[in-house]
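Structure file entry-v9.csv (CSV, C-alpha atoms) follows.
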chain,number,residue,atom,x,y,z
A,1,MET,CA,138.2,96.8,122.5
A,2,SER,CA,139.9,100.1,121.9
A,3,THR,CA,138.5,102.8,119.6
A,4,PRO,CA,140.0,103.3,116.2
A,5,THR,CA,142.6,106.0,115.6
A,6,ARG,CA,141.3,108.8,113.4
A,7,ILE,CA,143.9,109.5,110.7
A,8,ARG,CA,143.9,112.2,108.1
A,9,ALA,CA,146.6,112.3,105.3
A,10,THR,CA,146.7,115.1,102.8
A,11,LEU,CA,149.1,115.6,99.9
A,12,LYS,CA,150.4,119.2,100.0
A,13,ASP,CA,153.4,121.1,98.6
A,14,GLY,CA,155.3,117.9,97.7
A,15,GLY,CA,154.8,116.3,101.0
A,16,THR,CA,152.2,114.4,103.0
A,17,GLU,CA,150.5,116.1,106.0
A,18,LEU,CA,149.5,113.6,108.7
A,19,ARG,CA,147.1,114.3,111.5
A,20,MET,CA,145.9,111.7,114.0
A,21,LEU,CA,143.7,111.5,117.0
A,22,LEU,CA,144.2,108.5,119.2
A,23,SER,CA,141.5,107.3,121.6
A,24,HIS,CA,143.0,106.7,125.0
A,25,PRO,CA,142.4,107.8,128.6
A,26,MET,CA,146.1,108.6,129.3
A,27,GLU,CA,145.7,108.2,133.1
A,28,ASN,CA,148.8,109.1,135.0
A,29,GLY,CA,148.0,106.9,138.0
A,30,LEU,CA,147.9,109.8,140.4
A,31,ARG,CA,144.3,110.9,140.0
A,32,LYS,CA,141.5,109.9,142.3
A,33,ASP,CA,137.9,109.1,141.4
A,34,ALA,CA,134.8,110.6,143.1
A,35,GLU,CA,135.2,108.1,146.0
A,36,GLY,CA,138.8,109.0,146.6
A,37,LYS,CA,140.2,105.8,145.1
A,38,ARG,CA,143.2,106.1,143.0
A,39,ILE,CA,142.7,105.6,139.2
A,40,PRO,CA,145.3,103.2,138.0
A,41,ALA,CA,147.9,104.4,135.4
A,42,HIS,CA,146.8,103.7,131.9
A,43,PHE,CA,148.6,105.5,129.1
A,44,ILE,CA,150.1,104.9,125.7
A,45,THR,CA,153.8,104.3,126.0
A,46,GLU,CA,154.8,103.7,122.3
A,47,LEU,CA,153.6,104.9,119.0
A,48,SER,CA,154.8,104.3,115.5
A,49,VAL,CA,153.7,105.8,112.2
A,50,ARG,CA,154.6,103.9,109.0
A,51,ARG,CA,154.3,104.8,105.4
A,52,ASN,CA,154.3,101.9,102.9
A,53,GLY,CA,155.9,99.8,105.7
A,54,GLU,CA,158.7,102.3,106.5
A,55,VAL,CA,158.7,103.9,109.9
A,56,VAL,CA,158.5,107.7,109.5
A,57,LEU,CA,158.0,108.5,113.2
A,58,ALA,CA,158.5,106.5,116.4
A,59,ALA,CA,157.6,108.0,119.7
A,60,ASP,CA,157.6,107.2,123.4
A,61,PHE,CA,154.8,108.8,125.4
A,62,GLY,CA,154.5,109.6,129.1
A,63,PRO,CA,151.2,110.4,130.8
A,64,SER,CA,151.7,114.1,130.3
A,65,ILE,CA,150.3,113.7,126.8
A,66,ALA,CA,146.7,114.8,126.9
A,67,THR,CA,143.8,112.4,126.9
A,68,ASN,CA,143.0,111.2,123.4
A,69,PRO,CA,146.5,112.1,122.0
A,70,TYR,CA,146.7,114.3,119.0
A,71,LEU,CA,149.7,114.5,116.6
A,72,ALA,CA,150.3,116.3,113.4
A,73,PHE,CA,153.4,116.4,111.3
A,74,SER,CA,154.6,116.2,107.7
A,75,VAL,CA,156.7,113.8,105.7
A,76,GLY,CA,158.4,114.5,102.4
A,77,GLY,CA,157.0,113.1,99.2
A,78,GLY,CA,154.1,110.7,99.0
A,79,ALA,CA,151.4,109.8,96.5
A,80,ALA,CA,147.8,108.8,96.4
A,81,GLY,CA,147.4,105.2,97.5
A,82,ASP,CA,150.3,105.3,100.0
A,83,GLU,CA,149.5,103.1,103.0
A,84,ILE,CA,149.7,104.9,106.4
A,85,VAL,CA,149.7,102.7,109.5
A,86,VAL,CA,149.4,104.1,113.0
A,87,SER,CA,150.2,101.7,115.8
A,88,TRP,CA,150.3,102.1,119.6
A,89,ARG,CA,151.0,100.1,122.7
A,90,ASP,CA,150.0,101.1,126.3
A,91,ASN,CA,151.4,100.4,129.7
A,92,LEU,CA,148.9,97.5,130.2
A,93,GLY,CA,150.2,95.8,127.0
A,94,GLU,CA,147.1,96.6,124.9
A,95,THR,CA,147.9,97.4,121.3
A,96,ARG,CA,146.1,98.8,118.3
A,97,SER,CA,146.9,99.4,114.7
A,98,ASP,CA,144.9,101.4,112.1
A,99,THR,CA,145.5,101.8,108.4
A,100,ILE,CA,144.4,104.3,105.8
A,101,ARG,CA,145.3,105.0,102.2
A,102,VAL,CA,146.3,108.5,101.2
A,103,ALA,CA,143.5,109.9,99.0
B,1,MET,CA,171.4,82.8,128.8
B,2,ASP,CA,175.2,82.8,129.6
B,3,SER,CA,176.5,83.9,133.0
B,4,ARG,CA,178.0,87.1,131.7
B,5,ARG,CA,174.6,88.2,130.5
B,6,ARG,CA,172.9,87.2,133.7
B,7,ASP,CA,175.4,89.4,135.7
B,8,VAL,CA,174.8,92.3,133.4
B,9,LEU,CA,171.0,91.9,133.8
B,10,LYS,CA,171.4,91.8,137.6
B,11,ALA,CA,173.6,95.0,137.5
B,12,GLY,CA,171.0,96.7,135.3
B,13,GLY,CA,168.2,96.1,137.7
B,14,GLY,CA,165.6,97.3,135.3
B,15,LEU,CA,166.4,101.0,135.3
B,16,GLY,CA,168.9,102.0,132.6
B,17,ILE,CA,169.2,98.3,131.6
B,18,TRP,CA,169.7,99.3,127.9
B,19,SER,CA,172.7,101.5,128.6
B,20,VAL,CA,174.2,98.7,130.8
B,21,LEU,CA,173.7,96.2,128.0
B,22,ALA,CA,175.1,98.6,125.5
B,23,ALA,CA,178.1,99.2,127.6
B,24,ALA,CA,178.7,95.4,127.8
B,25,GLY,CA,178.4,95.2,124.0
B,26,ILE,CA,175.3,92.9,124.2
B,27,VAL,CA,173.1,95.3,122.3
B,28,THR,CA,174.2,97.8,119.7
B,29,PRO,CA,173.9,101.5,120.6
B,30,ALA,CA,171.3,101.7,117.8
B,31,GLN,CA,169.1,99.2,119.6
B,32,ALA,CA,169.6,100.9,122.9
B,33,GLN,CA,168.6,104.2,121.3
B,34,ASP,CA,165.3,102.7,120.1
B,35,ALA,CA,164.3,101.5,123.5
B,36,ARG,CA,162.2,103.6,125.8
B,37,ASN,CA,164.3,105.6,128.3
B,38,VAL,CA,162.5,104.3,131.3
B,39,ALA,CA,164.6,106.3,133.8
B,40,ALA,CA,163.7,109.5,132.0
B,41,PHE,CA,159.9,108.8,131.8
B,42,GLU,CA,159.8,107.8,135.5
B,43,ALA,CA,161.7,110.8,136.6
B,44,THR,CA,159.7,113.1,139.0
B,45,THR,CA,162.3,115.9,139.2
B,46,LEU,CA,163.5,117.9,136.2
B,47,ASP,CA,167.1,117.3,137.2
B,48,ASP,CA,166.6,113.5,137.2
B,49,ALA,CA,164.8,113.6,133.8
B,50,LEU,CA,167.6,115.7,132.2
B,51,ARG,CA,170.3,113.5,133.7
B,52,ALA,CA,168.5,110.4,132.4
B,53,LEU,CA,168.4,112.0,129.0
B,54,GLY,CA,172.1,112.9,129.1
B,55,ALA,CA,171.1,116.6,128.7
B,56,GLY,CA,173.0,118.1,131.6
B,57,ASN,CA,174.9,120.4,129.4
B,58,ALA,CA,172.8,120.7,126.3
B,59,ALA,CA,173.5,123.9,124.4
B,60,GLU,CA,170.8,126.5,124.4
B,61,SER,CA,169.5,127.0,120.9
B,62,GLY,CA,167.4,129.7,119.3
B,63,ALA,CA,166.8,127.3,116.4
B,64,ILE,CA,164.2,125.4,118.3
B,65,ARG,CA,160.8,127.1,118.1
B,66,ILE,CA,158.2,126.2,120.8
B,67,GLY,CA,154.6,127.3,119.9
B,68,ALA,CA,152.2,127.5,122.9
B,69,PRO,CA,149.6,129.8,124.2
B,70,ASP,CA,151.0,132.4,126.6
B,71,VAL,CA,147.9,131.7,128.7
B,72,ALA,CA,146.2,128.3,128.6
B,73,GLU,CA,142.6,128.2,129.9
B,74,ASP,CA,142.5,124.5,130.3
B,75,GLY,CA,145.5,122.5,131.5
B,76,ARG,CA,144.0,119.2,130.5
B,77,ALA,CA,144.9,119.8,126.8
B,78,VAL,CA,147.3,122.5,125.8
B,79,ALA,CA,148.2,122.7,122.2
B,80,LEU,CA,152.0,122.7,121.7
B,81,SER,CA,154.1,122.8,118.5
B,82,VAL,CA,157.8,122.2,118.3
B,83,ALA,CA,159.9,122.9,115.3
B,84,SER,CA,163.7,122.5,114.9
B,85,ASP,CA,165.8,124.4,112.4
B,86,ILE,CA,168.9,122.5,113.4
B,87,PRO,CA,170.2,120.4,110.6
B,88,ARG,CA,169.9,116.6,111.0
B,89,THR,CA,167.4,116.8,113.8
B,90,GLU,CA,166.9,113.1,114.8
B,91,GLN,CA,165.0,113.3,118.1
B,92,ILE,CA,162.7,115.8,119.9
B,93,VAL,CA,161.9,115.5,123.6
B,94,ILE,CA,159.2,117.5,125.4
B,95,LEU,CA,159.3,118.0,129.1
B,96,ILE,CA,156.7,119.7,131.3
B,97,GLU,CA,158.5,121.0,134.4
B,98,GLU,CA,155.6,121.3,136.8
B,99,ASN,CA,153.9,117.9,136.0
B,100,PRO,CA,154.4,114.9,138.3
B,101,TYR,CA,156.2,113.0,135.5
B,102,LYS,CA,158.4,115.4,133.6
B,103,VAL,CA,158.9,113.8,130.2
B,104,ALA,CA,155.8,114.0,128.0
B,105,ALA,CA,157.1,112.5,124.8
B,106,SER,CA,160.2,111.6,122.9
B,107,PHE,CA,159.9,111.6,119.1
B,108,ARG,CA,162.5,109.8,116.9
B,109,LEU,CA,162.3,111.3,113.5
B,110,SER,CA,163.0,109.5,110.2
B,111,GLY,CA,164.9,111.4,107.5
B,112,ALA,CA,161.6,111.6,105.6
B,113,MET,CA,159.9,113.6,108.4
B,114,ALA,CA,160.0,117.4,108.6
B,115,PRO,CA,161.4,118.3,112.0
B,116,SER,CA,158.2,119.8,113.3
B,117,ILE,CA,155.4,118.3,115.4
B,118,GLN,CA,152.2,119.4,116.9
B,119,THR,CA,150.5,117.7,119.9
B,120,ARG,CA,148.5,118.4,123.0
B,121,VAL,CA,149.9,118.0,126.6
B,122,LYS,CA,148.6,118.3,130.1
B,123,MET,CA,149.8,121.0,132.4
B,124,ALA,CA,149.2,120.6,136.2
B,125,ARG,CA,149.8,124.4,136.7
B,126,SER,CA,151.7,127.3,135.1
B,127,THR,CA,154.9,125.8,133.9
B,128,ARG,CA,158.0,125.9,131.9
B,129,VAL,CA,158.1,123.7,128.8
B,130,HIS,CA,161.5,122.3,127.9
B,131,VAL,CA,162.4,120.9,124.5
B,132,LEU,CA,165.5,118.9,123.8
B,133,VAL,CA,166.6,118.3,120.3
B,134,LYS,CA,169.2,115.7,119.3
B,135,ALA,CA,170.9,116.5,116.0
B,136,ASP,CA,173.9,114.9,114.6
B,137,GLY,CA,174.5,113.2,118.0
B,138,ARG,CA,174.5,116.6,119.9
B,139,LEU,CA,171.8,117.9,122.3
B,140,PHE,CA,170.3,121.3,122.2
B,141,ALA,CA,167.7,122.9,124.5
B,142,ALA,CA,165.0,125.6,124.5
B,143,ARG,CA,162.3,126.5,126.9
B,144,ARG,CA,159.1,128.5,127.1
B,145,GLU,CA,156.7,129.6,129.9
B,146,VAL,CA,153.0,128.9,129.8
B,147,THR,CA,150.5,130.3,132.3
B,148,VAL,CA,147.7,127.9,133.1
B,149,THR,CA,144.4,129.1,134.4
B,150,VAL,CA,142.9,125.7,135.4
B,151,GLY,CA,145.4,122.9,136.0
B,152,GLY,CA,145.0,119.6,134.3
B,153,CYS,CA,146.7,116.7,136.1
B,154,GLY,CA,144.1,116.4,138.8
B,155,THR,CA,146.5,115.4,141.5

Reformat the file's structure so that it appears as structure tokens.
Amino acid sequence: MSTPTRIRATLKDGGTELRMLLSHPMENGLRKDAEGKRIPAHFITELSVRRNGEVVLAADFGPSIATNPYLAFSVGGGAAGDEIVVSWRDNLGETRSDTIRVA
Amino acid sequence: MDSRRRDVLKAGGGLGIWSVLAAAGIVTPAQAQDARNVAAFEATTLDDALRALGAGNAAESGAIRIGAPDVAEDGRAVALSVASDIPRTEQIVILIEENPYKVAASFRLSGAMAPSIQTRVKMARSTRVHVLVKADGRLFAARREVTVTVGGCGT
């Protein structure tokens, strides 16, 4: 089981600030472990952020995004109770989706 | 699956399949745009990545701001911010020139989103960061140098 994404949403200046920390190794497939064996590629390839069901950001990632990917951005408008859903899929087909409500 | 589509799939051969399908009118350009640009993400040279992104002659723009430390102590996680002042910014792509795979991320922005994003990237060594912005269907580019003290791709 993957670890939940930590999501913060703050209403500010007529918009909603979103910050998220995803939990993922983001292995590029080129690194070697202590015994010299190659560590297989394992990284998030797709991410989407929805507000009340509407996609506000869609992203494709490569393995140059740092381990435990961090993203911060703002969307216009918003109100307390808005539903924010952060979903990802990785190169091995694993998926995860986490939801918060704007406080 | 009809034979025409099979031929197209064969011609596509996995890489750039969406553009082939789009050219054949099987998927709409909007669908193709939403699909991962596999060729760009698998590119191991900057030229190949830029070519796959269709950015060969993107216009240099001072309206793209790249925030990064001049010197990054730890290449495993370098804070990066990108903001575009170009009207109708719809896509932001970040490339790390000295990494094994050049394209770090491609962001497709909704109209609701402010054209500004912060993230953290790996840097194998001191490198140039390239940012492409697609706005109103046109591509713009900017770059910035970052010196890395300890590299972070472990290769």

Closest atom pairs, chain B residues within 7 Å of chain A, only C-alpha atoms, as a Markdown table:
| residue | atom | partner | partner_atom | distance |
| --- | --- | --- | --- | --- |
| B:Arg36 | CA | A:Asp60 | CA | 6.3 |
| B:Phe41 | CA | A:Gly62 | CA | 6.1 |
| B:Arg76 | CA | A:Ala66 | CA | 6.3 |
| B:Ala77 | CA | A:Ala66 | CA | 5.3 |
| B:Tyr101 | CA | A:Ser64 | CA | 7.0 |
| B:Val103 | CA | A:Gly62 | CA | 6.2 |
| B:Ala104 | CA | A:Ser64 | CA | 4.7 |
| B:Ala105 | CA | A:Phe61 | CA | 4.4 |
| B:Ser106 | CA | A:Asp60 | CA | 5.1 |
| B:Phe107 | CA | A:Ala59 | CA | 4.3 |
| B:Arg108 | CA | A:Ala58 | CA | 5.2 |
| B:Leu109 | CA | A:Leu57 | CA | 5.1 |
| B:Ser110 | CA | A:Val56 | CA | 4.9 |
| B:Ala112 | CA | A:Val75 | CA | 5.4 |
| B:Met113 | CA | A:Val75 | CA | 4.2 |
| B:Ala114 | CA | A:Ser74 | CA | 5.6 |
| B:Ser116 | CA | A:Phe73 | CA | 6.2 |
| B:Ile117 | CA | A:Phe73 | CA | 4.9 |
| B:Gln118 | CA | A:Ala72 | CA | 5.0 |
| B:Thr119 | CA | A:Leu71 | CA | 4.7 |
| B:Arg120 | CA | A:Ala66 | CA | 5.6 |
| B:Val121 | CA | A:Ile65 | CA | 4.3 |
| B:Lys122 | CA | A:Ala66 | CA | 5.1 |
| B:Gly154 | CA | A:Arg31 | CA | 5.6 |
| B:Thr155 | CA | A:Arg31 | CA | 5.2 |

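Taking all atoms listed in the file into account, Leu95 in chain B lies nearest to B:Leu46 out of the set B:Gly151, B:Leu46, B:Pro69, B:Gly56.
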
Shell around Ala72 in chain B at 7 Å using all atoms listed in the file, local window under 2 positions removed, as a list in words: Pro69, Asp70, Asp74, Gly75, Val78, Val146, Thr147, Val148 and Thr149 of chain B

Any idea what the distance is between CA of Ala58 in chain B and CA of Ala79 in chain B?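 Between these atoms lies a distance of 25.0 Å.
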
What does the distance between CA of Arg143 in chain B and CA of Arg65 in chain B come to in Å, to one decimal place?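 Going from CA of Arg143 in chain B over to CA of Arg65 in chain B, I get 8.9 Å.
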
Hey, what's within 9 Å of range 131-139 of chain B if we count all atoms listed in the file and toss same-chain stuff fewer than 5 positions away? As an NGL selection string, please? :B and (54-55 or 57-60 or 64 or 66 or 82 or 84 or 86-96 or 144)

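Within 8 Å of range 5-7 of chain A, once all atoms listed in the file are used and residues closer than 3 positions along the same chain are dropped, the contacting residues are A:Leu18, A:Arg19, A:Met20, A:Leu21, A:Leu22, A:Ser23, A:Val86, A:Ser97, A:Asp98, A:Ile100.
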
So how many Å separate CA of Ala83 in chain B and CA of Val129 in chain B, to one decimal? 13.6 Å

Tell me, as a short mmCIF file (atom, residue, chain, number, x, y, z; two decimals) with C-alpha atoms, in the frame of the given file, which residues lie within 7 Å of range 47-53 of chain B, counting only C-alpha atoms; anything in the same chain fewer than 5 positions away does not count.
data_model
loop_
_atom_site.label_atom_id
_atom_site.label_comp_id
_atom_site.auth_asym_id
_atom_site.auth_seq_id
_atom_site.Cartn_x
_atom_site.Cartn_y
_atom_site.Cartn_z
CA ALA B 39 164.60 106.30 133.80
CA ALA B 40 163.70 109.50 132.00
CA LYS B 102 158.40 115.40 133.60
CA VAL B 103 158.90 113.80 130.20
#

Counting all atoms listed in the file, which residue out of A:Lys37, A:His24, A:Lys12, A:Arg96 sits closest to Val49 in chain A?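 For Val49 in chain A, the nearest of the candidates is A:Arg96.
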